[in-house]
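Everything below belongs to upload.tsv, which stores TSV, C-alpha atoms.
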chain	number	residue	atom	x	y	z
A	1	THR	CA	42.28	39.00	0.82
A	2	VAL	CA	40.99	35.48	1.30
A	3	PRO	CA	41.61	34.21	4.84
A	4	SER	CA	44.30	31.58	5.03
A	5	LEU	CA	43.75	28.01	6.03
A	6	GLY	CA	44.16	27.58	9.76
A	7	ILE	CA	42.65	26.72	13.11
A	8	PHE	CA	42.03	29.32	15.78
A	9	ARG	CA	39.84	29.89	18.83
A	10	ASN	CA	37.04	32.43	18.85
A	11	ARG	CA	36.51	34.62	21.90
A	12	PHE	CA	34.44	31.90	23.59
A	13	GLY	CA	37.20	29.32	23.22
A	14	THR	CA	35.49	27.32	20.48
A	15	MET	CA	37.82	25.89	17.86
A	16	ILE	CA	37.11	27.30	14.41
A	17	PHE	CA	38.55	26.04	11.15
A	18	SER	CA	39.16	28.98	8.83
A	19	SER	CA	39.24	27.80	5.27
A	20	ASP	CA	37.21	30.27	3.23
A	21	GLY	CA	39.55	30.20	0.25
A	22	LEU	CA	39.89	26.43	0.35
A	23	TRP	CA	36.17	25.63	0.43
A	24	GLN	CA	35.47	28.21	-2.26
A	25	ALA	CA	38.14	26.72	-4.54
A	26	CYS	CA	36.87	23.18	-3.92
A	27	LEU	CA	33.29	24.17	-4.72
A	28	VAL	CA	34.27	26.01	-7.90
A	29	ALA	CA	36.37	23.04	-9.05
A	30	PHE	CA	33.45	20.69	-8.36
A	31	TRP	CA	31.06	22.94	-10.30
A	32	PHE	CA	33.41	23.13	-13.28
A	33	TRP	CA	33.55	19.33	-13.29
A	34	ALA	CA	29.74	19.04	-12.92
A	35	PHE	CA	28.95	21.47	-15.74
A	36	ALA	CA	31.68	20.09	-18.02
A	37	SER	CA	30.70	16.43	-17.65
A	38	HIS	CA	26.92	16.39	-17.03
A	39	HIS	CA	23.75	17.47	-18.77
A	40	SER	CA	22.70	20.95	-17.60
A	41	LEU	CA	19.78	19.61	-15.56
A	42	ASP	CA	22.01	17.18	-13.64
A	43	ALA	CA	24.78	19.76	-13.30
A	44	VAL	CA	22.41	22.32	-11.78
A	45	LEU	CA	21.12	19.72	-9.33
A	46	LEU	CA	24.69	18.84	-8.35
A	47	PHE	CA	25.33	22.57	-7.92
A	48	ASN	CA	22.24	22.85	-5.68
A	49	VAL	CA	23.23	19.83	-3.58
A	50	SER	CA	26.73	21.22	-2.97
A	51	TRP	CA	25.75	24.86	-2.43
A	52	PHE	CA	22.77	24.29	-0.15
A	53	GLY	CA	24.75	21.53	1.57
A	54	SER	CA	27.64	23.93	2.17
A	55	ALA	CA	25.25	26.42	3.77
A	56	PHE	CA	23.96	23.67	6.05
A	57	LEU	CA	27.50	22.72	7.02
A	58	PHE	CA	28.64	26.33	7.49
A	59	PHE	CA	25.63	27.67	9.41
A	60	SER	CA	24.42	24.61	11.33
A	61	VAL	CA	27.21	22.12	11.83
A	62	LEU	CA	29.99	24.74	12.13
A	63	GLY	CA	27.72	27.43	13.61
A	64	ASP	CA	30.55	29.43	15.16
A	65	GLN	CA	32.27	29.79	11.78
A	66	ALA	CA	29.87	32.49	10.59
A	67	MET	CA	29.66	34.34	13.88
A	68	CYS	CA	32.88	36.31	13.42
A	69	TRP	CA	31.25	38.27	10.60
A	70	LEU	CA	27.75	38.45	12.03
A	71	VAL	CA	28.25	39.93	15.48
A	72	PRO	CA	30.80	42.35	16.97
A	73	LYS	CA	33.54	40.88	19.15
A	74	LYS	CA	32.13	42.37	22.35
A	75	THR	CA	28.65	40.90	21.88
A	76	PRO	CA	27.25	39.47	25.12
A	77	ARG	CA	27.10	35.65	25.15
A	78	VAL	CA	23.27	35.58	25.28
A	79	TRP	CA	23.00	37.63	22.05
A	80	TYR	CA	25.78	35.64	20.41
A	81	ASN	CA	23.82	32.45	21.09
A	82	LYS	CA	20.57	33.94	19.78
A	83	VAL	CA	22.19	34.97	16.48
A	84	LYS	CA	23.94	31.60	16.28
A	85	GLY	CA	20.58	29.86	16.82
A	86	ALA	CA	19.05	31.87	13.97
A	87	THR	CA	21.90	30.96	11.64
A	88	MET	CA	21.57	27.30	12.64
A	89	PHE	CA	17.91	27.55	11.62
A	90	LEU	CA	19.04	29.03	8.28
A	91	GLY	CA	21.42	26.10	7.85
A	92	GLY	CA	18.61	23.67	8.62
A	93	ILE	CA	16.45	25.12	5.87
A	94	ASN	CA	19.35	24.80	3.45
A	95	SER	CA	19.74	21.13	4.43
A	96	SER	CA	16.22	20.40	3.16
A	97	LEU	CA	16.93	22.13	-0.17
A	98	SER	CA	20.16	20.14	-0.51
A	99	LEU	CA	18.40	16.85	0.26
A	100	LEU	CA	15.53	17.66	-2.10
A	101	SER	CA	18.04	18.44	-4.89
A	102	LEU	CA	19.78	15.11	-4.27
A	103	LEU	CA	16.51	13.18	-4.25
A	104	VAL	CA	15.35	14.89	-7.46
A	105	LEU	CA	18.70	14.07	-9.09
A	106	ARG	CA	18.26	10.40	-8.20
A	107	ALA	CA	14.58	10.37	-9.19
A	108	ILE	CA	15.22	11.93	-12.59
A	109	GLY	CA	17.79	9.20	-13.20
A	110	ASP	CA	15.04	6.67	-12.45
A	111	GLY	CA	12.59	8.30	-14.87
A	112	PHE	CA	10.61	10.49	-12.48
A	113	PHE	CA	9.83	14.14	-13.25
A	114	ALA	CA	9.84	13.45	-16.98
A	115	LYS	CA	7.20	16.12	-17.62
A	116	GLN	CA	8.37	19.69	-18.07
A	117	LYS	CA	5.63	21.06	-15.76
A	118	GLU	CA	6.87	18.82	-12.93
A	119	ARG	CA	10.43	20.06	-13.35
A	120	GLU	CA	9.25	23.68	-13.55
A	121	ILE	CA	7.74	23.41	-10.07
A	122	LEU	CA	10.93	21.98	-8.59
A	123	PHE	CA	13.39	24.31	-10.28
A	124	ALA	CA	11.23	27.36	-9.60
A	125	SER	CA	11.45	26.47	-5.88
A	126	PHE	CA	15.22	26.07	-6.07
A	127	ALA	CA	15.51	29.35	-7.98
A	128	VAL	CA	13.52	31.17	-5.29
A	129	GLY	CA	15.84	29.71	-2.64
A	130	HIS	CA	18.85	31.23	-4.39
A	131	PHE	CA	17.07	34.47	-5.32
A	132	SER	CA	15.97	35.15	-1.73
A	133	GLN	CA	19.60	35.08	-0.62
A	134	PHE	CA	20.78	37.13	-3.60
A	135	ILE	CA	18.20	39.92	-3.65
A	136	ILE	CA	18.52	40.89	0.01
A	137	ASN	CA	22.22	41.51	-0.56
A	138	VAL	CA	21.87	43.73	-3.65
A	139	PRO	CA	21.74	46.97	-1.60
A	140	CYS	CA	24.77	45.85	0.47
A	141	PHE	CA	26.69	45.06	-2.71
A	142	LEU	CA	25.82	48.39	-4.34
A	143	VAL	CA	26.78	50.42	-1.26
A	144	SER	CA	29.92	48.42	-0.40
A	145	LYS	CA	31.28	48.73	-3.94
A	146	GLY	CA	30.42	52.44	-4.19
A	147	LEU	CA	27.97	51.87	-7.04
A	148	ILE	CA	25.19	53.82	-5.34
A	149	ASP	CA	25.03	56.54	-2.73
A	150	GLY	CA	23.59	54.87	0.33
A	151	LYS	CA	21.51	57.95	1.15
A	152	LYS	CA	19.33	57.14	-1.87
A	153	LEU	CA	18.17	53.97	-0.09
A	154	ASN	CA	17.00	55.72	3.09
A	155	SER	CA	13.31	55.87	2.12
A	156	VAL	CA	13.17	52.12	1.50
A	157	LEU	CA	15.32	51.18	4.48
A	158	LYS	CA	13.33	53.39	6.85
A	159	LYS	CA	10.42	50.95	6.48
A	160	ALA	CA	12.72	48.19	7.78
A	161	ASN	CA	14.01	50.45	10.60
A	162	MET	CA	17.50	50.45	9.05
A	163	LYS	CA	20.03	53.04	7.96
A	164	TRP	CA	22.15	52.78	4.83
A	165	GLN	CA	25.30	52.81	6.99
A	166	GLU	CA	24.20	49.43	8.38
A	167	LEU	CA	24.43	47.82	4.93
A	168	GLU	CA	28.12	47.08	5.20
A	169	TRP	CA	29.49	43.62	4.61
A	170	VAL	CA	32.08	42.59	7.14
A	171	LYS	CA	35.63	43.25	5.94
A	172	PRO	CA	37.28	41.55	4.26
A	173	ASP	CA	34.11	40.89	2.28
A	174	THR	CA	35.39	38.21	-0.09
A	175	THR	CA	33.21	35.52	1.48
A	176	MET	CA	30.05	37.63	1.25
A	177	LEU	CA	30.90	38.65	-2.30
A	178	PHE	CA	31.40	34.97	-3.20
A	179	ILE	CA	28.05	34.04	-1.63
A	180	PHE	CA	26.33	36.95	-3.40
A	181	ILE	CA	27.71	36.00	-6.81
A	182	ILE	CA	27.04	32.28	-6.40
A	183	ASP	CA	23.44	32.76	-5.25
A	184	GLY	CA	22.89	35.05	-8.25
A	185	PHE	CA	24.34	32.36	-10.50
A	186	GLY	CA	22.26	29.67	-8.75
A	187	PHE	CA	19.09	31.64	-9.40
A	188	ALA	CA	19.96	32.10	-13.09
A	189	ALA	CA	21.00	28.45	-13.56
A	190	ASN	CA	17.80	27.10	-12.01
A	191	VAL	CA	15.65	29.48	-14.07
A	192	TYR	CA	17.52	28.35	-17.19
A	193	VAL	CA	16.90	24.65	-16.47
A	194	MET	CA	13.28	25.42	-15.56
A	195	SER	CA	12.74	26.99	-19.00
A	196	GLN	CA	14.28	24.06	-20.95
Take the structure in the file and give it back as structure tokens.
Amino acid sequence: TVPSLGIFRNRFGTMIFSSDGLWQACLVAFWFWAFASHHSLDAVLLFNVSWFGSAFLFFSVLGDQAMCWLVPKKTPRVWYNKVKGATMFLGGINSSLSLLSLLVLRAIGDGFFAKQKEREILFASFAVGHFSQFIINVPCFLVSKGLIDGKKLNSVLKKANMKWQELEWVKPDTTMLFIFIIDGFGFAANVYVMSQ
């Protein structure tokens, strides 16, 4: 179930705007428009600007928004703030990828990056940005959807001091599933443009 649109207070009294379904629908509508009305290179850059920009907004500007599915409700304030600080850092990194995508979009329109090798460097970097977010969630996706027995991952996870039971996405997991799918698509789209 996609959370409904609404405003509520988290346990620390901070106002949070819950609009998972709304922002997802708006992004998908924007991407349909971008891919239907623009050349694939421009459309992928518009996709990057909006997706990386959304991560900046969600994790940095609205830092408390993600906390409800990152830490348990009874987490001490000091640990809540440490996790929130880490997610704000994640959002900050996404802001640079969003800005770079926007600047490349403008520069290509002005005749820059005309050589394929130049574009390959840029789109390979964008693809890695999406892939890094996608690949770390593959085990969570496989376990949460019952596609693999989590016990089979123990030998790999042991190196990271984790157990397969810790690979759960917070329920309901529609937001994480959306992020997982979109980052997979973002990786594929950037690789596609890179190879053109």
Straight-line distance linking atom CA of A:Pro139 with atom CA of A:Ala25, stated in Å to one decimal: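 These atoms are spaced 26.2 Å apart.
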A:Ser125, A:Gln116, A:Thr75, A:Ser155 ranked by distance to A:Leu97, top pick (using all atoms listed in the file): A:Ser125
Atom CA of A:Ile181 to atom CA of A:Leu46, straight-line distance in Å: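 Between atom CA of A:Leu46 and atom CA of A:Ile181 the gap works out to 17.5 Å.
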Pick from A:Pro72, A:Gly91, A:Gly109, A:Gly85 nearest to A:Phe56, counting only C-alpha atoms: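 Of all the options, A:Gly91 lies closest to A:Phe56.
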Length of the atom CA of A:Ser60 to atom CA of A:Ser40 vector [Å]: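 According to the coordinates, atom CA of A:Ser60 and atom CA of A:Ser40 are separated by 29.2 Å.
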Selection: 9 Å around A:Val44, all atoms listed in the file, excl. self and same-chain fewer than 6 positions, as a ChimeraX atom specification: /A:31,34-35,186,189-190,193
Pick from A:Glu120, A:Ala55, A:Val71, A:Gly63 nearest to A:Asn94, counting only C-alpha atoms: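 For A:Asn94, the nearest of the given residues is A:Ala55.
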Name the residues in contact with A:Asn48 at a cut-off of 12 Å, using only C-alpha atoms, excluding same-chain residues fewer than 4 positions from it; report them as a compact mmCIF listing (two decimals) with C-alpha atoms, keeping the file's coordinate frame.
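Result file is around.txt:
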# COMPACT_ATOMS: atom_id res chain seq x y z
CA LEU A 27 33.29 24.17 -4.72
CA PHE A 30 33.45 20.69 -8.36
CA TRP A 31 31.06 22.94 -10.30
CA ALA A 34 29.74 19.04 -12.92
CA LEU A 41 19.78 19.61 -15.56
CA ASP A 42 22.01 17.18 -13.64
CA ALA A 43 24.78 19.76 -13.30
CA VAL A 44 22.41 22.32 -11.78
CA PHE A 52 22.77 24.29 -0.15
CA GLY A 53 24.75 21.53 1.57
CA SER A 54 27.64 23.93 2.17
CA ALA A 55 25.25 26.42 3.77
CA PHE A 56 23.96 23.67 6.05
CA ASN A 94 19.35 24.80 3.45
CA SER A 95 19.74 21.13 4.43
CA SER A 96 16.22 20.40 3.16
CA LEU A 97 16.93 22.13 -0.17
CA SER A 98 20.16 20.14 -0.51
CA LEU A 99 18.40 16.85 0.26
CA LEU A 100 15.53 17.66 -2.10
CA SER A 101 18.04 18.44 -4.89
CA LEU A 102 19.78 15.11 -4.27
CA LEU A 103 16.51 13.18 -4.25
CA VAL A 104 15.35 14.89 -7.46
CA LEU A 105 18.70 14.07 -9.09
CA LEU A 122 10.93 21.98 -8.59
CA PHE A 123 13.39 24.31 -10.28
CA SER A 125 11.45 26.47 -5.88
CA PHE A 126 15.22 26.07 -6.07
CA ALA A 127 15.51 29.35 -7.98
CA GLY A 129 15.84 29.71 -2.64
CA HIS A 130 18.85 31.23 -4.39
CA ILE A 182 27.04 32.28 -6.40
CA ASP A 183 23.44 32.76 -5.25
CA PHE A 185 24.34 32.36 -10.50
CA GLY A 186 22.26 29.67 -8.75
CA PHE A 187 19.09 31.64 -9.40
CA ALA A 189 21.00 28.45 -13.56
CA ASN A 190 17.80 27.10 -12.01
Pick from A:Gln165, A:Gln133, A:Thr175, A:Ser37, whichever lies nearest to A:Cys68 using all atoms listed in the file: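 The shortest atom-to-atom distance to A:Cys68 comes from A:Thr175.
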Answer as a PyMOL selection string, residues within 12 Å of (18.6, 32.6, 13.6) using only C-alpha atoms: chain A and resi 59-60+63+66-67+70+79-93
Now that the selection is made, can you save its residues with C-alpha atoms as an mmCIF file, in the frame of the given file?
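again_32.cif, freshly written:
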data_model
loop_
_atom_site.group_PDB
_atom_site.id
_atom_site.type_symbol
_atom_site.label_atom_id
_atom_site.label_comp_id
_atom_site.auth_asym_id
_atom_site.auth_seq_id
_atom_site.Cartn_x
_atom_site.Cartn_y
_atom_site.Cartn_z
ATOM 1 C CA PHE A 59 25.630 27.670 9.410
ATOM 2 C CA SER A 60 24.420 24.610 11.330
ATOM 3 C CA GLY A 63 27.720 27.430 13.610
ATOM 4 C CA ALA A 66 29.870 32.490 10.590
ATOM 5 C CA MET A 67 29.660 34.340 13.880
ATOM 6 C CA LEU A 70 27.750 38.450 12.030
ATOM 7 C CA TRP A 79 23.000 37.630 22.050
ATOM 8 C CA TYR A 80 25.780 35.640 20.410
ATOM 9 C CA ASN A 81 23.820 32.450 21.090
ATOM 10 C CA LYS A 82 20.570 33.940 19.780
ATOM 11 C CA VAL A 83 22.190 34.970 16.480
ATOM 12 C CA LYS A 84 23.940 31.600 16.280
ATOM 13 C CA GLY A 85 20.580 29.860 16.820
ATOM 14 C CA ALA A 86 19.050 31.870 13.970
ATOM 15 C CA THR A 87 21.900 30.960 11.640
ATOM 16 C CA MET A 88 21.570 27.300 12.640
ATOM 17 C CA PHE A 89 17.910 27.550 11.620
ATOM 18 C CA LEU A 90 19.040 29.030 8.280
ATOM 19 C CA GLY A 91 21.420 26.100 7.850
ATOM 20 C CA GLY A 92 18.610 23.670 8.620
ATOM 21 C CA ILE A 93 16.450 25.120 5.870
#
Near-A:Ile136 list (12 Å; only C-alpha atoms; drop same-chain fewer than 4 positions) as JSON, numbers by chain: {"A": [129, 130, 131, 132, 140, 141, 142, 157, 167, 179, 180, 183, 184]}
Would you mind exporting C-alpha atoms of the selected residues as a PDB file, keeping the file's coordinate frame?
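Heads up, here's the output in out-v4.pdb:
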ATOM      1  CA  GLY A 129      15.840  29.710  -2.640  1.00  0.00           C
ATOM      2  CA  HIS A 130      18.850  31.230  -4.390  1.00  0.00           C
ATOM      3  CA  PHE A 131      17.070  34.470  -5.320  1.00  0.00           C
ATOM      4  CA  SER A 132      15.970  35.150  -1.730  1.00  0.00           C
ATOM      5  CA  CYS A 140      24.770  45.850   0.470  1.00  0.00           C
ATOM      6  CA  PHE A 141      26.690  45.060  -2.710  1.00  0.00           C
ATOM      7  CA  LEU A 142      25.820  48.390  -4.340  1.00  0.00           C
ATOM      8  CA  LEU A 157      15.320  51.180   4.480  1.00  0.00           C
ATOM      9  CA  LEU A 167      24.430  47.820   4.930  1.00  0.00           C
ATOM     10  CA  ILE A 179      28.050  34.040  -1.630  1.00  0.00           C
ATOM     11  CA  PHE A 180      26.330  36.950  -3.400  1.00  0.00           C
ATOM     12  CA  ASP A 183      23.440  32.760  -5.250  1.00  0.00           C
ATOM     13  CA  GLY A 184      22.890  35.050  -8.250  1.00  0.00           C
TER      14      GLY A 184
END
Among listed residues A:Val28, A:Val143, A:Ile148, A:Leu22, nearest A:Glu166 (using all atoms listed in the file):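 With all atoms listed in the file as the atom set, the closest residue is A:Val143.
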